[in-house]
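Source file: data.cif (mmCIF, C-alpha atoms)
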data_target
loop_
_atom_site.group_PDB
_atom_site.id
_atom_site.type_symbol
_atom_site.label_atom_id
_atom_site.label_comp_id
_atom_site.auth_asym_id
_atom_site.auth_seq_id
_atom_site.Cartn_x
_atom_site.Cartn_y
_atom_site.Cartn_z
ATOM 1 C CA MET A 1 -13.189 16.628 -10.143
ATOM 2 C CA ASP A 2 -15.838 17.187 -7.452
ATOM 3 C CA ASP A 3 -17.956 14.397 -8.961
ATOM 4 C CA ILE A 4 -15.132 11.922 -8.452
ATOM 5 C CA TRP A 5 -14.489 13.088 -4.883
ATOM 6 C CA PHE A 6 -18.155 12.809 -3.892
ATOM 7 C CA MET A 7 -18.510 9.443 -5.656
ATOM 8 C CA LYS A 8 -15.569 8.178 -3.590
ATOM 9 C CA LEU A 9 -17.542 9.163 -0.480
ATOM 10 C CA ALA A 10 -20.525 7.200 -1.822
ATOM 11 C CA LEU A 11 -18.176 4.245 -2.377
ATOM 12 C CA GLU A 12 -17.137 4.451 1.281
ATOM 13 C CA GLN A 13 -20.814 4.045 2.168
ATOM 14 C CA ALA A 14 -21.077 1.099 -0.241
ATOM 15 C CA GLU A 15 -18.158 -0.501 1.600
ATOM 16 C CA LEU A 16 -20.031 -0.098 4.897
ATOM 17 C CA ALA A 17 -23.024 -1.868 3.346
ATOM 18 C CA TYR A 18 -20.746 -4.622 2.052
ATOM 19 C CA GLN A 19 -19.295 -5.148 5.552
ATOM 20 C CA ALA A 20 -22.858 -5.387 6.922
ATOM 21 C CA ASN A 21 -23.787 -8.013 4.286
ATOM 22 C CA GLU A 22 -26.089 -5.552 2.522
ATOM 23 C CA VAL A 23 -26.076 -4.965 -1.230
ATOM 24 C CA PRO A 24 -23.173 -2.503 -1.428
ATOM 25 C CA VAL A 25 -24.780 0.730 -2.568
ATOM 26 C CA GLY A 26 -23.893 4.117 -1.155
ATOM 27 C CA ALA A 27 -25.445 7.548 -1.649
ATOM 28 C CA VAL A 28 -24.446 11.109 -0.787
ATOM 29 C CA VAL A 29 -26.545 14.287 -1.002
ATOM 30 C CA VAL A 30 -24.612 17.508 -1.539
ATOM 31 C CA SER A 31 -25.999 21.056 -1.282
ATOM 32 C CA SER A 32 -25.540 23.704 -3.962
ATOM 33 C CA ASP A 33 -22.613 25.158 -1.985
ATOM 34 C CA GLY A 34 -20.857 21.767 -1.759
ATOM 35 C CA LYS A 35 -21.844 20.868 1.806
ATOM 36 C CA ILE A 36 -22.492 17.183 2.459
ATOM 37 C CA LEU A 37 -26.033 16.925 3.804
ATOM 38 C CA SER A 38 -26.139 13.146 4.150
ATOM 39 C CA SER A 39 -24.358 9.943 3.284
ATOM 40 C CA ARG A 40 -26.027 6.569 3.657
ATOM 41 C CA CYS A 41 -25.866 2.947 2.560
ATOM 42 C CA ASN A 42 -28.437 0.224 2.003
ATOM 43 C CA THR A 43 -30.070 -1.170 5.148
ATOM 44 C CA LYS A 44 -32.812 -3.375 3.675
ATOM 45 C CA GLU A 45 -31.604 -6.549 5.368
ATOM 46 C CA GLN A 46 -30.770 -5.173 8.810
ATOM 47 C CA ASP A 47 -33.935 -3.065 9.046
ATOM 48 C CA PHE A 48 -36.254 -5.519 7.248
ATOM 49 C CA ASP A 49 -37.268 -2.550 5.104
ATOM 50 C CA PRO A 50 -38.010 -2.819 1.382
ATOM 51 C CA CYS A 51 -37.494 0.955 1.164
ATOM 52 C CA GLY A 52 -34.113 0.824 2.919
ATOM 53 C CA HIS A 53 -32.273 1.903 -0.226
ATOM 54 C CA ALA A 54 -29.272 4.195 0.232
ATOM 55 C CA GLU A 55 -30.901 6.888 -1.917
ATOM 56 C CA ILE A 56 -34.146 6.982 0.073
ATOM 57 C CA LEU A 57 -32.287 7.077 3.383
ATOM 58 C CA ALA A 58 -29.950 9.825 2.163
ATOM 59 C CA LEU A 59 -32.864 11.927 0.889
ATOM 60 C CA ARG A 60 -34.683 11.545 4.216
ATOM 61 C CA GLU A 61 -31.610 12.480 6.225
ATOM 62 C CA ALA A 62 -30.822 15.498 4.026
ATOM 63 C CA ALA A 63 -34.416 16.735 4.258
ATOM 64 C CA GLN A 64 -34.355 16.395 8.051
ATOM 65 C CA ARG A 65 -31.052 18.257 8.252
ATOM 66 C CA GLU A 66 -32.354 21.047 5.999
ATOM 67 C CA LYS A 67 -35.788 21.014 7.645
ATOM 68 C CA ALA A 68 -37.310 20.996 4.162
ATOM 69 C CA TRP A 69 -38.467 18.204 1.879
ATOM 70 C CA ARG A 70 -37.502 20.250 -1.178
ATOM 71 C CA LEU A 71 -33.818 19.663 -1.806
ATOM 72 C CA THR A 72 -33.626 22.229 -4.591
ATOM 73 C CA GLY A 73 -30.060 22.860 -5.714
ATOM 74 C CA CYS A 74 -28.822 19.534 -4.343
ATOM 75 C CA LYS A 75 -26.988 16.758 -6.121
ATOM 76 C CA MET A 76 -27.353 13.060 -5.373
ATOM 77 C CA TYR A 77 -24.330 10.792 -5.820
ATOM 78 C CA VAL A 78 -25.053 7.069 -5.839
ATOM 79 C CA THR A 79 -22.840 4.120 -6.696
ATOM 80 C CA LEU A 80 -25.522 2.243 -8.644
ATOM 81 C CA GLU A 81 -28.092 3.458 -11.149
ATOM 82 C CA PRO A 82 -31.273 3.990 -9.125
ATOM 83 C CA CYS A 83 -34.373 1.830 -9.296
ATOM 84 C CA MET A 84 -37.765 3.287 -10.220
ATOM 85 C CA MET A 85 -38.663 4.017 -6.598
ATOM 86 C CA CYS A 86 -35.469 5.928 -5.932
ATOM 87 C CA LEU A 87 -35.519 7.870 -9.197
ATOM 88 C CA ALA A 88 -39.100 8.957 -8.498
ATOM 89 C CA ALA A 89 -38.177 9.936 -4.925
ATOM 90 C CA MET A 90 -35.412 12.166 -6.278
ATOM 91 C CA GLY A 91 -37.986 13.956 -8.405
ATOM 92 C CA HIS A 92 -40.293 14.359 -5.413
ATOM 93 C CA ALA A 93 -37.354 15.774 -3.427
ATOM 94 C CA ARG A 94 -36.665 18.264 -6.249
ATOM 95 C CA ILE A 95 -32.962 17.495 -6.568
ATOM 96 C CA ASP A 96 -31.098 19.267 -9.371
ATOM 97 C CA GLU A 97 -28.819 16.456 -10.515
ATOM 98 C CA LEU A 98 -28.223 12.731 -10.133
ATOM 99 C CA ILE A 99 -24.701 11.412 -10.619
ATOM 100 C CA PHE A 100 -24.308 7.630 -10.508
ATOM 101 C CA GLY A 101 -21.538 5.101 -10.962
ATOM 102 C CA ALA A 102 -22.488 1.651 -12.248
ATOM 103 C CA TYR A 103 -25.283 1.011 -14.711
ATOM 104 C CA ASP A 104 -27.915 -1.562 -13.744
ATOM 105 C CA PRO A 105 -29.460 -3.106 -16.869
ATOM 106 C CA LYS A 106 -31.769 -5.390 -14.843
ATOM 107 C CA GLY A 107 -33.031 -2.995 -12.191
ATOM 108 C CA GLY A 108 -31.990 0.540 -13.048
ATOM 109 C CA ALA A 109 -34.900 2.797 -13.946
ATOM 110 C CA LEU A 110 -32.998 4.543 -16.738
ATOM 111 C CA SER A 111 -31.711 1.330 -18.291
ATOM 112 C CA LEU A 112 -35.254 -0.030 -18.217
ATOM 113 C CA GLY A 113 -36.559 3.079 -20.003
ATOM 114 C CA TYR A 114 -38.182 4.942 -17.113
ATOM 115 C CA SER A 115 -37.217 8.570 -17.598
ATOM 116 C CA PHE A 116 -39.116 10.275 -14.798
ATOM 117 C CA HIS A 117 -36.351 12.862 -14.621
ATOM 118 C CA THR A 118 -37.155 14.232 -18.103
ATOM 119 C CA ASP A 119 -40.870 13.488 -18.382
ATOM 120 C CA THR A 120 -42.707 16.740 -19.138
ATOM 121 C CA ARG A 121 -45.883 15.337 -17.562
ATOM 122 C CA VAL A 122 -44.369 15.563 -14.087
ATOM 123 C CA ASN A 123 -43.705 18.794 -12.238
ATOM 124 C CA HIS A 124 -39.933 18.492 -11.742
ATOM 125 C CA ARG A 125 -37.110 17.517 -14.036
ATOM 126 C CA PHE A 126 -33.417 17.077 -13.270
ATOM 127 C CA SER A 127 -30.216 16.160 -15.054
ATOM 128 C CA VAL A 128 -28.490 12.783 -14.875
ATOM 129 C CA LYS A 129 -24.874 11.783 -15.385
ATOM 130 C CA GLY A 130 -23.850 8.125 -15.282
ATOM 131 C CA GLY A 131 -20.656 6.120 -15.353
ATOM 132 C CA ILE A 132 -18.648 8.112 -12.781
ATOM 133 C CA LEU A 133 -16.059 5.716 -11.307
ATOM 134 C CA GLU A 134 -18.082 2.987 -12.995
ATOM 135 C CA PHE A 135 -15.379 0.329 -12.659
ATOM 136 C CA ASP A 136 -14.968 0.836 -8.905
ATOM 137 C CA CYS A 137 -18.721 0.948 -8.340
ATOM 138 C CA SER A 138 -19.270 -2.207 -10.413
ATOM 139 C CA LYS A 139 -16.367 -4.062 -8.825
ATOM 140 C CA ILE A 140 -17.741 -4.008 -5.270
ATOM 141 C CA LEU A 141 -21.180 -5.120 -6.498
ATOM 142 C CA SER A 142 -19.723 -7.960 -8.584
ATOM 143 C CA GLN A 143 -17.606 -9.156 -5.680
ATOM 144 C CA PHE A 144 -20.597 -9.085 -3.310
ATOM 145 C CA PHE A 145 -22.885 -11.064 -5.622
ATOM 146 C CA ARG A 146 -20.126 -13.540 -6.515
ATOM 147 C CA GLU A 147 -19.677 -14.229 -2.792
ATOM 148 C CA GLN A 148 -23.437 -14.518 -2.264
ATOM 149 C CA ARG A 149 -23.791 -17.034 -5.101
ATOM 150 C CA SER A 150 -20.952 -19.156 -3.690
ATOM 151 C CA LEU A 151 -22.858 -19.484 -0.400
ATOM 152 C CA TYR A 152 -25.742 -21.218 -2.143
ATOM 153 C CA ARG A 153 -23.849 -23.686 -4.310
#
Could you take the file, read its structure, and then write that structure out as structure tokens?
Amino acid sequence: MDDIWFMKLALEQAELAYQANEVPVGAVVVSSDGKILSSRCNTKEQDFDPCGHAEILALREAAQREKAWRLTGCKMYVTLEPCMMCLAAMGHARIDELIFGAYDPKGGALSLGYSFHTDTRVNHRFSVKGGILEFDCSKILSQFFREQRSLYR
């Protein structure tokens, strides 16, 4: 039940991104005791930042709040399967678990076969759970890209 509640918070962030004409992705970092450490959305367009992904921003904010780059015991909730950059950043941050909503067959690291989170050659591994509120997470993305395509017809 907690996974659904936290994913709904990530969806609220995705809605903020949508309203700002950003790709609607939201992320939330939660501590081992259930405290929300950060919640962010994509800001690539407004900040002209190729690293302005919700996951990266949420990890940075959580680390600043905790005054530690190691987010051991934390969970990351994100509305879209992370890209390679974000999945690797989660490993560097030492999160314990990633929970995501929609799968991304064209850009998601896991769908593309990059399993940094289980690779025994790296120094940190974490669990992954996908498909939480998948329909809701996919719906906002589909609506956004449908609207974007209609602008260029």
Quiz item: Need the neighbours of (-34.3, 10.6, -14.5): which residues are at most 9 Å away, counting all atoms listed in the file, as number ranges by chain?
Solution: A: 87-88, 90-91, 97-98, 109-110, 114-119, 125-128
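Taking CA of Arg94 (chain A) and CA of Gly52 (chain A) as the two end points, the separation is 19.9 Å.
Minimum distance to Gly131 (chain A) across A:Glu45, A:Asp3, A:Glu15, A:Glu22 (counting only C-alpha atoms) occurs at A:Asp3.
Of note, CA of Arg40 (chain A) and CA of Ala58 (chain A) are spaced 5.3 Å apart.
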Practice problem: List the neighbours of Ser138 (chain A) out to 8 Å using all atoms listed in the file; skip same-chain residues closer than 3 positions along the sequence, and give me the result as a PyMOL selection string. | Solution: chain A and resi 80+101-102+134-135+141-142
With a distance cut-off of 10 Å and all atoms listed in the file, select the neighbouring residues of Cys74 (chain A), excluding the residue or stretch itself and same-chain residues fewer than 6 positions from it, and output the selection as a compact mmCIF listing (two decimals) with C-alpha atoms, keeping the file's coordinate frame.
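Output below, filename part-v5.txt:
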# COMPACT_ATOMS: atom_id res chain seq x y z
CA VAL A 29 -26.54 14.29 -1.00
CA VAL A 30 -24.61 17.51 -1.54
CA SER A 31 -26.00 21.06 -1.28
CA SER A 32 -25.54 23.70 -3.96
CA ASP A 33 -22.61 25.16 -1.98
CA GLY A 34 -20.86 21.77 -1.76
CA LYS A 35 -21.84 20.87 1.81
CA ILE A 36 -22.49 17.18 2.46
CA LEU A 37 -26.03 16.92 3.80
CA ALA A 62 -30.82 15.50 4.03
CA ALA A 93 -37.35 15.77 -3.43
CA ARG A 94 -36.66 18.26 -6.25
CA ILE A 95 -32.96 17.50 -6.57
CA ASP A 96 -31.10 19.27 -9.37
CA GLU A 97 -28.82 16.46 -10.52
CA LEU A 98 -28.22 12.73 -10.13
